[in-house]
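What follows is one structure encoded as structure tokens, with my remarks underneath.
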Amino acid sequence: IGHLVIDGALLAREGKSGEEIQAILDERREKLNVSFVIDTLEYLRKGGRCSTVAALGANLLKLKPCIEVDNSDGSRMHVGKKYRGKMEQCLLQYVHNKLDGRTDLDLRRVFVTHSGSPESDIRAVCREVSRCANFEQIIVTRANCTISTHCGPRTLGVLFLTK
């Protein structure tokens, strides 16, 4: 939502009316790309959003699922790609999958949002984001309580707009 808040403030500064801002932001919401890589399924299991068998299997196989938000469908969440291995390596693969070689990125800003990731993960992700795309701004934020509670610590996402 940070992208929309910033855009709304900029549009207000330009003198747009409330109705104009709402229409523009409703359109931009469809262009948000929101996803997170989860370190462990343990917190989803505890919250009843994942079975014990699935959590155990994912942990044994060292799977790190990517949870994606589909804004065109009422902000529904679904599992995207599943990464395998150490979290540090999975995060770099995730950044490449999301950003590398894309020509439809809105390069004004990107958010790197986390729920208590180590500083080393955050720095590595920011470096990879810079290598993949020339964003004007990389904004590091802390995930809200919903993401933090359901997904647990060390969940990290790269959130951006497309053109």
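Within each chain, counting starts at residue 1; across the structure tokens, chains are named A, B, ... in the order shown, with ligands numbered 1 upward in that order.
Residues lying within 9 Å of range 119-126 of chain A, counting only C-alpha atoms and ignoring same-chain neighbours fewer than 6 positions away, are Met87, Glu88, Leu91, Leu92, Val95, Val112, Thr113, Ile138, Val140, Arg154, Leu156 and Val158 of chain A.
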Compile the contact shell of Phe135 in chain A as a ChimeraX atom specification: residues with an atom at most 6 Å away, counting only C-alpha atoms, same-chain residues fewer than 2 positions apart removed. /A:107-109,133,137
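Shortest atom-to-atom contact with Pro65 in chain A among A:Gly157, A:Ala12, A:Gly116, A:Ile21: A:Gly157, counting only C-alpha atoms.
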For Asp106 in chain A, please output as a JSON list (two decimals) with all heavy atoms, in the first residue's frame all residues within 12 Å (counting only C-alpha atoms; exclusion window: fewer than 5 positions along the same chain).
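Now in result27.json:
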```json
[["chain", "number", "residue", "atom", "x", "y", "z"],
["A", 3, "HIS", "N", 3.24, 2.15, -1.97],
["A", 3, "HIS", "CA", 3.32, 2.74, -3.31],
["A", 3, "HIS", "C", 2.13, 3.67, -3.56],
["A", 3, "HIS", "O", 2.28, 4.78, -4.06],
["A", 3, "HIS", "CB", 3.31, 1.65, -4.39],
["A", 3, "HIS", "CG", 4.63, 1.00, -4.61],
["A", 3, "HIS", "ND1", 5.67, 1.64, -5.24],
["A", 3, "HIS", "CD2", 5.08, -0.23, -4.30],
["A", 3, "HIS", "CE1", 6.70, 0.82, -5.31],
["A", 3, "HIS", "NE2", 6.35, -0.32, -4.73],
["A", 28, "ARG", "N", -3.74, 2.01, -10.70],
["A", 28, "ARG", "CA", -2.37, 1.63, -10.33],
["A", 28, "ARG", "C", -2.34, 0.39, -9.44],
["A", 28, "ARG", "O", -1.38, -0.38, -9.48],
["A", 28, "ARG", "CB", -1.64, 2.78, -9.65],
["A", 28, "ARG", "CG", -1.24, 3.84, -10.64],
["A", 28, "ARG", "CD", -0.33, 4.89, -10.05],
["A", 28, "ARG", "NE", -0.14, 5.93, -11.07],
["A", 28, "ARG", "CZ", 0.29, 7.14, -10.81],
["A", 28, "ARG", "NH1", 0.60, 7.48, -9.56],
["A", 28, "ARG", "NH2", 0.43, 8.01, -11.77],
["A", 31, "LYS", "N", -1.56, -2.66, -11.07],
["A", 31, "LYS", "CA", -0.19, -2.79, -11.58],
["A", 31, "LYS", "C", 0.83, -3.06, -10.48],
["A", 31, "LYS", "O", 2.02, -3.08, -10.74],
["A", 31, "LYS", "CB", 0.18, -1.52, -12.34],
["A", 31, "LYS", "CG", -0.71, -1.32, -13.56],
["A", 31, "LYS", "CD", -0.43, -0.02, -14.25],
["A", 31, "LYS", "CE", -1.39, 0.12, -15.43],
["A", 31, "LYS", "NZ", -1.18, 1.34, -16.16],
["A", 32, "LEU", "N", 0.36, -3.26, -9.26],
["A", 32, "LEU", "CA", 1.25, -3.59, -8.16],
["A", 32, "LEU", "C", 1.70, -5.04, -8.25],
["A", 32, "LEU", "O", 0.89, -5.94, -8.50],
["A", 32, "LEU", "CB", 0.54, -3.40, -6.81],
["A", 32, "LEU", "CG", 0.49, -2.00, -6.25],
["A", 32, "LEU", "CD1", -0.44, -1.95, -5.04],
["A", 32, "LEU", "CD2", 1.87, -1.51, -5.87],
["A", 33, "ASN", "N", 2.96, -5.27, -8.03],
["A", 33, "ASN", "CA", 3.50, -6.62, -7.97],
["A", 33, "ASN", "C", 3.96, -6.83, -6.53],
["A", 33, "ASN", "O", 4.93, -6.22, -6.09],
["A", 33, "ASN", "CB", 4.65, -6.79, -8.96],
["A", 33, "ASN", "CG", 5.07, -8.23, -9.09],
["A", 33, "ASN", "OD1", 5.43, -8.88, -8.12],
["A", 33, "ASN", "ND2", 5.01, -8.72, -10.31],
["A", 99, "LEU", "N", 12.61, -9.45, -11.33],
["A", 99, "LEU", "CA", 13.02, -8.19, -11.94],
["A", 99, "LEU", "C", 13.89, -8.31, -13.19],
["A", 99, "LEU", "O", 13.83, -7.42, -14.05],
["A", 99, "LEU", "CB", 13.80, -7.35, -10.91],
["A", 99, "LEU", "CG", 13.05, -6.96, -9.64],
["A", 99, "LEU", "CD1", 13.99, -6.22, -8.70],
["A", 99, "LEU", "CD2", 11.83, -6.12, -9.96],
["A", 133, "ALA", "N", 17.66, -3.89, -12.00],
["A", 133, "ALA", "CA", 16.85, -2.77, -12.51],
["A", 133, "ALA", "C", 17.37, -1.47, -11.91],
["A", 133, "ALA", "O", 17.85, -1.45, -10.77],
["A", 133, "ALA", "CB", 15.38, -2.97, -12.16],
["A", 134, "ASN", "N", 17.22, -0.41, -12.65],
["A", 134, "ASN", "CA", 17.75, 0.89, -12.24],
["A", 134, "ASN", "C", 16.65, 1.73, -11.58],
["A", 134, "ASN", "O", 16.26, 2.77, -12.11],
["A", 134, "ASN", "CB", 18.35, 1.61, -13.45],
["A", 134, "ASN", "CG", 19.15, 2.81, -13.05],
["A", 134, "ASN", "OD1", 19.63, 2.91, -11.93],
["A", 134, "ASN", "ND2", 19.28, 3.74, -13.98],
["A", 135, "PHE", "N", 16.17, 1.29, -10.42],
["A", 135, "PHE", "CA", 15.14, 2.04, -9.70],
["A", 135, "PHE", "C", 15.73, 3.33, -9.16],
["A", 135, "PHE", "O", 16.88, 3.37, -8.72],
["A", 135, "PHE", "CB", 14.58, 1.21, -8.54],
["A", 135, "PHE", "CG", 13.68, 0.09, -8.96],
["A", 135, "PHE", "CD1", 14.16, -1.21, -9.04],
["A", 135, "PHE", "CD2", 12.36, 0.33, -9.28],
["A", 135, "PHE", "CE1", 13.33, -2.25, -9.43],
["A", 135, "PHE", "CE2", 11.52, -0.70, -9.68],
["A", 135, "PHE", "CZ", 12.00, -1.99, -9.75],
["A", 136, "GLU", "N", 14.93, 4.40, -9.18],
["A", 136, "GLU", "CA", 15.36, 5.67, -8.63],
["A", 136, "GLU", "C", 15.48, 5.59, -7.11],
["A", 136, "GLU", "O", 16.34, 6.23, -6.52],
["A", 136, "GLU", "CB", 14.36, 6.79, -9.00],
["A", 136, "GLU", "CG", 14.32, 7.10, -10.48],
["A", 136, "GLU", "CD", 13.18, 8.05, -10.83],
["A", 136, "GLU", "OE1", 12.71, 8.81, -9.95],
["A", 136, "GLU", "OE2", 12.75, 8.01, -12.00],
["A", 137, "GLN", "N", 14.59, 4.81, -6.49],
["A", 137, "GLN", "CA", 14.55, 4.70, -5.03],
["A", 137, "GLN", "C", 14.35, 3.25, -4.62],
["A", 137, "GLN", "O", 13.49, 2.55, -5.17],
["A", 137, "GLN", "CB", 13.34, 5.48, -4.51],
["A", 137, "GLN", "CG", 13.61, 6.68, -3.72],
["A", 137, "GLN", "CD", 12.29, 7.26, -3.17],
["A", 137, "GLN", "OE1", 11.23, 7.17, -3.78],
["A", 137, "GLN", "NE2", 12.39, 7.85, -2.00],
["A", 159, "LEU", "N", 8.50, -5.33, -3.71],
["A", 159, "LEU", "CA", 7.21, -4.83, -4.14],
["A", 159, "LEU", "C", 7.42, -3.65, -5.11],
["A", 159, "LEU", "O", 8.12, -2.72, -4.76],
["A", 159, "LEU", "CB", 6.38, -4.37, -2.93],
["A", 159, "LEU", "CG", 6.01, -5.46, -1.92],
["A", 159, "LEU", "CD1", 7.19, -5.91, -1.09],
["A", 159, "LEU", "CD2", 4.92, -4.97, -1.02],
["A", 160, "PHE", "N", 6.81, -3.76, -6.28],
["A", 160, "PHE", "CA", 7.03, -2.74, -7.30],
["A", 160, "PHE", "C", 5.79, -2.57, -8.17],
["A", 160, "PHE", "O", 4.87, -3.39, -8.14],
["A", 160, "PHE", "CB", 8.24, -3.10, -8.17],
["A", 160, "PHE", "CG", 8.15, -4.46, -8.82],
["A", 160, "PHE", "CD1", 7.58, -4.59, -10.09],
["A", 160, "PHE", "CD2", 8.61, -5.59, -8.17],
["A", 160, "PHE", "CE1", 7.49, -5.84, -10.69],
["A", 160, "PHE", "CE2", 8.52, -6.84, -8.77],
["A", 160, "PHE", "CZ", 7.95, -6.96, -10.02],
["A", 161, "LEU", "N", 5.80, -1.49, -8.94],
["A", 161, "LEU", "CA", 4.73, -1.21, -9.90],
["A", 161, "LEU", "C", 5.22, -1.50, -11.31],
["A", 161, "LEU", "O", 6.42, -1.38, -11.60],
["A", 161, "LEU", "CB", 4.32, 0.26, -9.84],
["A", 161, "LEU", "CG", 3.46, 0.69, -8.66],
["A", 161, "LEU", "CD1", 3.52, 2.19, -8.47],
["A", 161, "LEU", "CD2", 2.02, 0.25, -8.88],
["A", 162, "THR", "N", 4.32, -1.89, -12.18],
["A", 162, "THR", "CA", 4.63, -2.01, -13.60],
["A", 162, "THR", "C", 3.98, -0.86, -14.34],
["A", 162, "THR", "O", 3.09, -0.18, -13.81],
["A", 162, "THR", "CB", 4.14, -3.36, -14.16],
["A", 162, "THR", "OG1", 2.74, -3.49, -13.93],
["A", 162, "THR", "CG2", 4.88, -4.52, -13.52],
["A", 163, "LYS", "N", 4.43, -0.64, -15.56],
["A", 163, "LYS", "CA", 3.90, 0.46, -16.38],
["A", 163, "LYS", "C", 2.50, 0.13, -16.87],
["A", 163, "LYS", "O", 2.11, -0.99, -17.01],
["A", 163, "LYS", "CB", 4.80, 0.71, -17.58],
["A", 163, "LYS", "CG", 6.18, 1.18, -17.19],
["A", 163, "LYS", "CD", 7.03, 1.35, -18.43],
["A", 163, "LYS", "CE", 8.45, 1.69, -18.06],
["A", 163, "LYS", "NZ", 9.35, 1.69, -19.17]]
```
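Computed from the coordinates, the CA of Thr155 in chain A to CA of Thr40 in chain A distance equals 8.5 Å.
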For Arg45 in chain A, list every protein, DNA or RNA residue within 10 Å, evaluated using only C-alpha atoms, and leave out those in the same chain fewer than 3 positions away; present the list as a PDB file with all heavy atoms, in the first residue's frame.
```pdb
ATOM      1  N   THR A  40      10.152 -20.284   6.511  1.00  0.00           N
ATOM      2  CA  THR A  40       9.621 -21.526   7.071  1.00  0.00           C
ATOM      3  C   THR A  40       8.091 -21.492   7.034  1.00  0.00           C
ATOM      4  O   THR A  40       7.494 -20.423   7.169  1.00  0.00           O
ATOM      5  CB  THR A  40      10.098 -21.739   8.523  1.00  0.00           C
ATOM      6  OG1 THR A  40       9.488 -22.925   9.041  1.00  0.00           O
ATOM      7  CG2 THR A  40       9.757 -20.556   9.413  1.00  0.00           C
ATOM      8  N   LEU A  41       7.497 -22.657   6.868  1.00  0.00           N
ATOM      9  CA  LEU A  41       6.032 -22.745   6.871  1.00  0.00           C
ATOM     10  C   LEU A  41       5.467 -22.935   8.278  1.00  0.00           C
ATOM     11  O   LEU A  41       4.258 -23.063   8.458  1.00  0.00           O
ATOM     12  CB  LEU A  41       5.565 -23.896   5.980  1.00  0.00           C
ATOM     13  CG  LEU A  41       5.862 -23.756   4.488  1.00  0.00           C
ATOM     14  CD1 LEU A  41       5.304 -24.949   3.731  1.00  0.00           C
ATOM     15  CD2 LEU A  41       5.299 -22.472   3.944  1.00  0.00           C
ATOM     16  N   GLU A  42       6.314 -22.931   9.269  1.00  0.00           N
ATOM     17  CA  GLU A  42       5.888 -23.192  10.643  1.00  0.00           C
ATOM     18  C   GLU A  42       4.807 -22.224  11.118  1.00  0.00           C
ATOM     19  O   GLU A  42       3.841 -22.626  11.758  1.00  0.00           O
ATOM     20  CB  GLU A  42       7.098 -23.135  11.580  1.00  0.00           C
ATOM     21  CG  GLU A  42       6.802 -23.605  12.975  1.00  0.00           C
ATOM     22  CD  GLU A  42       6.314 -25.057  13.053  1.00  0.00           C
ATOM     23  OE1 GLU A  42       6.574 -25.859  12.131  1.00  0.00           O
ATOM     24  OE2 GLU A  42       5.650 -25.371  14.051  1.00  0.00           O
ATOM     25  N   GLY A  48      -3.041 -22.300  10.948  1.00  0.00           N
ATOM     26  CA  GLY A  48      -4.044 -23.111  10.263  1.00  0.00           C
ATOM     27  C   GLY A  48      -4.104 -22.889   8.760  1.00  0.00           C
ATOM     28  O   GLY A  48      -5.036 -23.327   8.102  1.00  0.00           O
ATOM     29  N   ARG A  49      -3.120 -22.245   8.194  1.00  0.00           N
ATOM     30  CA  ARG A  49      -3.113 -21.962   6.758  1.00  0.00           C
ATOM     31  C   ARG A  49      -2.273 -22.955   5.960  1.00  0.00           C
ATOM     32  O   ARG A  49      -2.119 -22.837   4.765  1.00  0.00           O
ATOM     33  CB  ARG A  49      -2.620 -20.545   6.509  1.00  0.00           C
ATOM     34  CG  ARG A  49      -3.645 -19.518   6.933  1.00  0.00           C
ATOM     35  CD  ARG A  49      -3.100 -18.118   6.894  1.00  0.00           C
ATOM     36  NE  ARG A  49      -4.153 -17.142   7.086  1.00  0.00           N
ATOM     37  CZ  ARG A  49      -4.760 -16.904   8.227  1.00  0.00           C
ATOM     38  NH1 ARG A  49      -4.461 -17.604   9.294  1.00  0.00           N
ATOM     39  NH2 ARG A  49      -5.701 -15.978   8.326  1.00  0.00           N
ATOM     40  N   CYS A  50      -1.702 -23.929   6.670  1.00  0.00           N
ATOM     41  CA  CYS A  50      -0.841 -24.924   6.046  1.00  0.00           C
ATOM     42  C   CYS A  50      -0.914 -26.184   6.908  1.00  0.00           C
ATOM     43  O   CYS A  50      -0.901 -26.098   8.139  1.00  0.00           O
ATOM     44  CB  CYS A  50       0.588 -24.361   5.983  1.00  0.00           C
ATOM     45  SG  CYS A  50       1.836 -25.509   5.446  1.00  0.00           S
ATOM     46  N   SER A  51      -0.958 -27.330   6.281  1.00  0.00           N
ATOM     47  CA  SER A  51      -1.033 -28.572   7.057  1.00  0.00           C
ATOM     48  C   SER A  51       0.324 -28.907   7.669  1.00  0.00           C
ATOM     49  O   SER A  51       1.370 -28.465   7.197  1.00  0.00           O
ATOM     50  CB  SER A  51      -1.494 -29.725   6.158  1.00  0.00           C
ATOM     51  OG  SER A  51      -0.443 -30.088   5.276  1.00  0.00           O
ATOM     52  N   THR A  52       0.288 -29.726   8.700  1.00  0.00           N
ATOM     53  CA  THR A  52       1.511 -30.177   9.355  1.00  0.00           C
ATOM     54  C   THR A  52       2.375 -30.961   8.377  1.00  0.00           C
ATOM     55  O   THR A  52       3.595 -30.808   8.350  1.00  0.00           O
ATOM     56  CB  THR A  52       1.170 -31.035  10.590  1.00  0.00           C
ATOM     57  OG1 THR A  52       0.396 -30.239  11.485  1.00  0.00           O
ATOM     58  CG2 THR A  52       2.414 -31.544  11.289  1.00  0.00           C
ATOM     59  N   VAL A  53       1.750 -31.790   7.566  1.00  0.00           N
ATOM     60  CA  VAL A  53       2.489 -32.601   6.584  1.00  0.00           C
ATOM     61  C   VAL A  53       3.181 -31.698   5.561  1.00  0.00           C
ATOM     62  O   VAL A  53       4.355 -31.901   5.238  1.00  0.00           O
ATOM     63  CB  VAL A  53       1.535 -33.602   5.884  1.00  0.00           C
ATOM     64  CG1 VAL A  53       2.232 -34.317   4.743  1.00  0.00           C
ATOM     65  CG2 VAL A  53       0.988 -34.603   6.883  1.00  0.00           C
ATOM     66  N   ALA A  54       2.484 -30.670   5.055  1.00  0.00           N
ATOM     67  CA  ALA A  54       3.083 -29.756   4.084  1.00  0.00           C
ATOM     68  C   ALA A  54       4.247 -28.987   4.702  1.00  0.00           C
ATOM     69  O   ALA A  54       5.300 -28.825   4.082  1.00  0.00           O
ATOM     70  CB  ALA A  54       2.036 -28.785   3.546  1.00  0.00           C
ATOM     71  N   ALA A  55       4.066 -28.529   5.942  1.00  0.00           N
ATOM     72  CA  ALA A  55       5.135 -27.783   6.619  1.00  0.00           C
ATOM     73  C   ALA A  55       6.345 -28.676   6.853  1.00  0.00           C
ATOM     74  O   ALA A  55       7.486 -28.260   6.620  1.00  0.00           O
ATOM     75  CB  ALA A  55       4.625 -27.214   7.945  1.00  0.00           C
ATOM     76  N   LEU A  56       6.109 -29.891   7.299  1.00  0.00           N
ATOM     77  CA  LEU A  56       7.206 -30.823   7.544  1.00  0.00           C
ATOM     78  C   LEU A  56       7.946 -31.128   6.241  1.00  0.00           C
ATOM     79  O   LEU A  56       9.177 -31.089   6.194  1.00  0.00           O
ATOM     80  CB  LEU A  56       6.667 -32.112   8.167  1.00  0.00           C
ATOM     81  CG  LEU A  56       7.692 -33.213   8.435  1.00  0.00           C
ATOM     82  CD1 LEU A  56       8.722 -32.731   9.444  1.00  0.00           C
ATOM     83  CD2 LEU A  56       6.994 -34.473   8.927  1.00  0.00           C
ATOM     84  N   HIS A 150       1.563 -14.151  10.197  1.00  0.00           N
ATOM     85  CA  HIS A 150       1.247 -15.354   9.421  1.00  0.00           C
ATOM     86  C   HIS A 150       2.480 -16.018   8.831  1.00  0.00           C
ATOM     87  O   HIS A 150       2.521 -17.239   8.709  1.00  0.00           O
ATOM     88  CB  HIS A 150       0.258 -15.033   8.295  1.00  0.00           C
ATOM     89  CG  HIS A 150      -1.085 -14.647   8.790  1.00  0.00           C
ATOM     90  ND1 HIS A 150      -1.848 -15.457   9.604  1.00  0.00           N
ATOM     91  CD2 HIS A 150      -1.820 -13.528   8.599  1.00  0.00           C
ATOM     92  CE1 HIS A 150      -2.986 -14.857   9.893  1.00  0.00           C
ATOM     93  NE2 HIS A 150      -2.994 -13.682   9.293  1.00  0.00           N
ATOM     94  N   CYS A 151       3.479 -15.231   8.455  1.00  0.00           N
ATOM     95  CA  CYS A 151       4.624 -15.778   7.735  1.00  0.00           C
ATOM     96  C   CYS A 151       5.868 -15.951   8.589  1.00  0.00           C
ATOM     97  O   CYS A 151       6.778 -16.669   8.213  1.00  0.00           O
ATOM     98  CB  CYS A 151       4.943 -14.900   6.536  1.00  0.00           C
ATOM     99  SG  CYS A 151       3.565 -14.763   5.380  1.00  0.00           S
TER     100      CYS A 151
END
```
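Atom pair CA of Tyr43 in chain A / CA of Cys90 in chain A: separated by 18.8 Å.
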Backbone DSSP call of strand (DSSP E or B) for range 49-132 of chain A, listed as number ranges by chain: A: 63-70, 76-84, 105-114
Could you name the residues that touch Arg29 in chain A at 8 Å or less, counting only C-alpha atoms, but leaving out those on the same chain fewer than 3 positions away, as an MDAnalysis selection string? chainID A and resid 4 25:26 32 71
Using all heavy atoms, can you export the residues from the last selection as a PDB file, in the first residue's frame?
```pdb
ATOM      1  N   LEU A   4       0.942   3.211  -3.206  1.00  0.00           N
ATOM      2  CA  LEU A   4      -0.269   3.986  -3.467  1.00  0.00           C
ATOM      3  C   LEU A   4      -0.344   5.221  -2.581  1.00  0.00           C
ATOM      4  O   LEU A   4      -0.812   6.279  -3.018  1.00  0.00           O
ATOM      5  CB  LEU A   4      -1.506   3.102  -3.292  1.00  0.00           C
ATOM      6  CG  LEU A   4      -1.576   1.882  -4.217  1.00  0.00           C
ATOM      7  CD1 LEU A   4      -2.813   1.047  -3.916  1.00  0.00           C
ATOM      8  CD2 LEU A   4      -1.533   2.285  -5.686  1.00  0.00           C
ATOM      9  N   LEU A  25      -5.410   5.838  -8.532  1.00  0.00           N
ATOM     10  CA  LEU A  25      -4.882   4.817  -7.627  1.00  0.00           C
ATOM     11  C   LEU A  25      -5.559   3.473  -7.817  1.00  0.00           C
ATOM     12  O   LEU A  25      -4.926   2.422  -7.693  1.00  0.00           O
ATOM     13  CB  LEU A  25      -4.986   5.276  -6.170  1.00  0.00           C
ATOM     14  CG  LEU A  25      -4.128   6.481  -5.791  1.00  0.00           C
ATOM     15  CD1 LEU A  25      -4.280   6.795  -4.304  1.00  0.00           C
ATOM     16  CD2 LEU A  25      -2.674   6.293  -6.171  1.00  0.00           C
ATOM     17  N   ASP A  26      -6.855   3.476  -8.137  1.00  0.00           N
ATOM     18  CA  ASP A  26      -7.545   2.216  -8.430  1.00  0.00           C
ATOM     19  C   ASP A  26      -6.909   1.526  -9.637  1.00  0.00           C
ATOM     20  O   ASP A  26      -6.741   0.310  -9.654  1.00  0.00           O
ATOM     21  CB  ASP A  26      -9.034   2.459  -8.693  1.00  0.00           C
ATOM     22  CG  ASP A  26      -9.820   2.741  -7.419  1.00  0.00           C
ATOM     23  OD1 ASP A  26      -9.294   2.493  -6.315  1.00  0.00           O
ATOM     24  OD2 ASP A  26     -10.968   3.238  -7.540  1.00  0.00           O
ATOM     25  N   LEU A  32       0.357  -3.265  -9.262  1.00  0.00           N
ATOM     26  CA  LEU A  32       1.253  -3.594  -8.155  1.00  0.00           C
ATOM     27  C   LEU A  32       1.699  -5.044  -8.245  1.00  0.00           C
ATOM     28  O   LEU A  32       0.888  -5.939  -8.496  1.00  0.00           O
ATOM     29  CB  LEU A  32       0.543  -3.401  -6.814  1.00  0.00           C
ATOM     30  CG  LEU A  32       0.489  -2.002  -6.250  1.00  0.00           C
ATOM     31  CD1 LEU A  32      -0.437  -1.952  -5.041  1.00  0.00           C
ATOM     32  CD2 LEU A  32       1.871  -1.511  -5.874  1.00  0.00           C
ATOM     33  N   ASN A  71      -3.637  -8.715  -7.320  1.00  0.00           N
ATOM     34  CA  ASN A  71      -4.457  -7.517  -7.099  1.00  0.00           C
ATOM     35  C   ASN A  71      -5.626  -7.404  -8.074  1.00  0.00           C
ATOM     36  O   ASN A  71      -6.567  -6.672  -7.813  1.00  0.00           O
ATOM     37  CB  ASN A  71      -3.586  -6.271  -7.182  1.00  0.00           C
ATOM     38  CG  ASN A  71      -2.685  -6.155  -5.982  1.00  0.00           C
ATOM     39  OD1 ASN A  71      -3.141  -6.293  -4.866  1.00  0.00           O
ATOM     40  ND2 ASN A  71      -1.419  -5.928  -6.199  1.00  0.00           N
TER      41      ASN A  71
END
```
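Compared by their closest atoms to Leu61 in chain A, and using only C-alpha atoms, the residues A:Gly101, A:Pro118, A:Gly85, A:Gly2 rank with A:Gly85 nearest.
Proximity of A:Asp39, A:Asp7, A:Glu128, A:Glu68 to Ser148 in chain A, computed with only C-alpha atoms, is greatest for A:Asp39.
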Nearest residue to His78 in chain A from the set A:Val5, A:Leu11, A:Val34, A:Ala58 (distances using only C-alpha atoms): A:Val34
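One distance worth recording is that between CA of Ile38 in chain A and CA of Lys64 in chain A, which is 5.5 Å.
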DSSP-assigned helix (DSSP H, G or I) among range 29-97 of chain A, expressed as a ChimeraX atom specification: /A:29,42-46,52-60,71-73,87-97
Generate the output file for the selected residues, N, CA, C and O atoms, as a compact mmCIF listing (two decimals), in the first residue's frame.
```
# COMPACT_ATOMS: atom_id res chain seq x y z
N ARG A 29 -3.37 0.21 -8.63
CA ARG A 29 -3.43 -0.96 -7.75
C ARG A 29 -3.31 -2.25 -8.57
O ARG A 29 -2.70 -3.22 -8.15
N GLU A 42 6.31 -22.93 9.27
CA GLU A 42 5.89 -23.19 10.64
C GLU A 42 4.81 -22.22 11.12
O GLU A 42 3.84 -22.63 11.76
N TYR A 43 4.94 -20.94 10.76
CA TYR A 43 3.95 -19.96 11.23
C TYR A 43 2.64 -20.08 10.46
O TYR A 43 1.57 -19.87 11.02
N LEU A 44 2.70 -20.44 9.19
CA LEU A 44 1.47 -20.70 8.44
C LEU A 44 0.77 -21.94 9.01
O LEU A 44 -0.45 -21.98 9.11
N ARG A 45 1.55 -22.94 9.41
CA ARG A 45 0.98 -24.14 10.03
C ARG A 45 0.30 -23.79 11.35
O ARG A 45 -0.84 -24.20 11.60
N LYS A 46 0.97 -23.01 12.18
CA LYS A 46 0.40 -22.63 13.48
C LYS A 46 -0.89 -21.83 13.32
O LYS A 46 -1.78 -21.92 14.16
N THR A 52 0.29 -29.73 8.70
CA THR A 52 1.51 -30.18 9.35
C THR A 52 2.37 -30.96 8.38
O THR A 52 3.60 -30.81 8.35
N VAL A 53 1.75 -31.79 7.57
CA VAL A 53 2.49 -32.60 6.58
C VAL A 53 3.18 -31.70 5.56
O VAL A 53 4.36 -31.90 5.24
N ALA A 54 2.48 -30.67 5.05
CA ALA A 54 3.08 -29.76 4.08
C ALA A 54 4.25 -28.99 4.70
O ALA A 54 5.30 -28.82 4.08
N ALA A 55 4.07 -28.53 5.94
CA ALA A 55 5.13 -27.78 6.62
C ALA A 55 6.34 -28.68 6.85
O ALA A 55 7.49 -28.26 6.62
N LEU A 56 6.11 -29.89 7.30
CA LEU A 56 7.21 -30.82 7.54
C LEU A 56 7.95 -31.13 6.24
O LEU A 56 9.18 -31.09 6.19
N GLY A 57 7.19 -31.42 5.19
CA GLY A 57 7.81 -31.71 3.89
C GLY A 57 8.62 -30.54 3.35
O GLY A 57 9.75 -30.72 2.88
N ALA A 58 8.07 -29.35 3.44
CA ALA A 58 8.77 -28.16 2.95
C ALA A 58 10.04 -27.92 3.75
O ALA A 58 11.09 -27.58 3.18
N ASN A 59 9.96 -28.10 5.06
CA ASN A 59 11.15 -27.89 5.90
C ASN A 59 12.22 -28.95 5.62
O ASN A 59 13.40 -28.63 5.55
N LEU A 60 11.81 -30.20 5.45
CA LEU A 60 12.78 -31.27 5.14
C LEU A 60 13.47 -31.03 3.80
O LEU A 60 14.66 -31.28 3.65
N ASN A 71 -3.64 -8.71 -7.32
CA ASN A 71 -4.46 -7.52 -7.10
C ASN A 71 -5.63 -7.40 -8.07
O ASN A 71 -6.57 -6.67 -7.81
N SER A 72 -5.57 -8.11 -9.18
CA SER A 72 -6.68 -8.04 -10.13
C SER A 72 -7.87 -8.88 -9.65
O SER A 72 -8.95 -8.79 -10.18
N ASP A 73 -7.63 -9.69 -8.61
CA ASP A 73 -8.65 -10.61 -8.13
C ASP A 73 -8.96 -10.35 -6.65
O ASP A 73 -9.06 -11.28 -5.86
N MET A 87 18.23 -19.70 2.58
CA MET A 87 17.42 -18.50 2.37
C MET A 87 18.19 -17.44 1.58
O MET A 87 17.62 -16.81 0.70
N GLU A 88 19.47 -17.24 1.88
CA GLU A 88 20.25 -16.22 1.19
C GLU A 88 20.24 -16.43 -0.32
O GLU A 88 20.05 -15.50 -1.09
N GLN A 89 20.46 -17.68 -0.74
CA GLN A 89 20.48 -18.01 -2.17
C GLN A 89 19.08 -17.90 -2.78
O GLN A 89 18.91 -17.42 -3.90
N CYS A 90 18.07 -18.34 -2.03
CA CYS A 90 16.69 -18.28 -2.52
C CYS A 90 16.27 -16.83 -2.76
O CYS A 90 15.60 -16.54 -3.76
N LEU A 91 16.66 -15.93 -1.87
CA LEU A 91 16.29 -14.52 -2.03
C LEU A 91 16.89 -13.93 -3.30
O LEU A 91 16.23 -13.17 -4.02
N LEU A 92 18.14 -14.26 -3.61
CA LEU A 92 18.77 -13.74 -4.82
C LEU A 92 18.10 -14.29 -6.07
O LEU A 92 17.87 -13.56 -7.04
N GLN A 93 17.74 -15.57 -6.06
CA GLN A 93 17.01 -16.17 -7.19
C GLN A 93 15.65 -15.49 -7.36
O GLN A 93 15.22 -15.20 -8.48
N TYR A 94 14.99 -15.26 -6.25
CA TYR A 94 13.68 -14.60 -6.25
C TYR A 94 13.77 -13.22 -6.90
O TYR A 94 12.96 -12.87 -7.76
N VAL A 95 14.76 -12.41 -6.50
CA VAL A 95 14.92 -11.07 -7.08
C VAL A 95 15.13 -11.18 -8.58
O VAL A 95 14.51 -10.44 -9.36
N HIS A 96 15.98 -12.09 -9.01
CA HIS A 96 16.21 -12.26 -10.46
C HIS A 96 14.93 -12.66 -11.18
O HIS A 96 14.62 -12.13 -12.25
N ASN A 97 14.18 -13.60 -10.60
CA ASN A 97 12.94 -14.04 -11.24
C ASN A 97 11.93 -12.91 -11.37
O ASN A 97 11.19 -12.84 -12.34
```
Top pick for closest residue to Arg142 in chain A, considering A:Ser115, A:Ser130, A:Gly80, A:Asp100 and counting only C-alpha atoms: A:Ser115
Can you work out which one of A:Leu63, A:Lys16, A:Arg102, A:Ile6 has the shortest atom-to-atom distance to Lys86 in chain A, counting only C-alpha atoms? A:Leu63
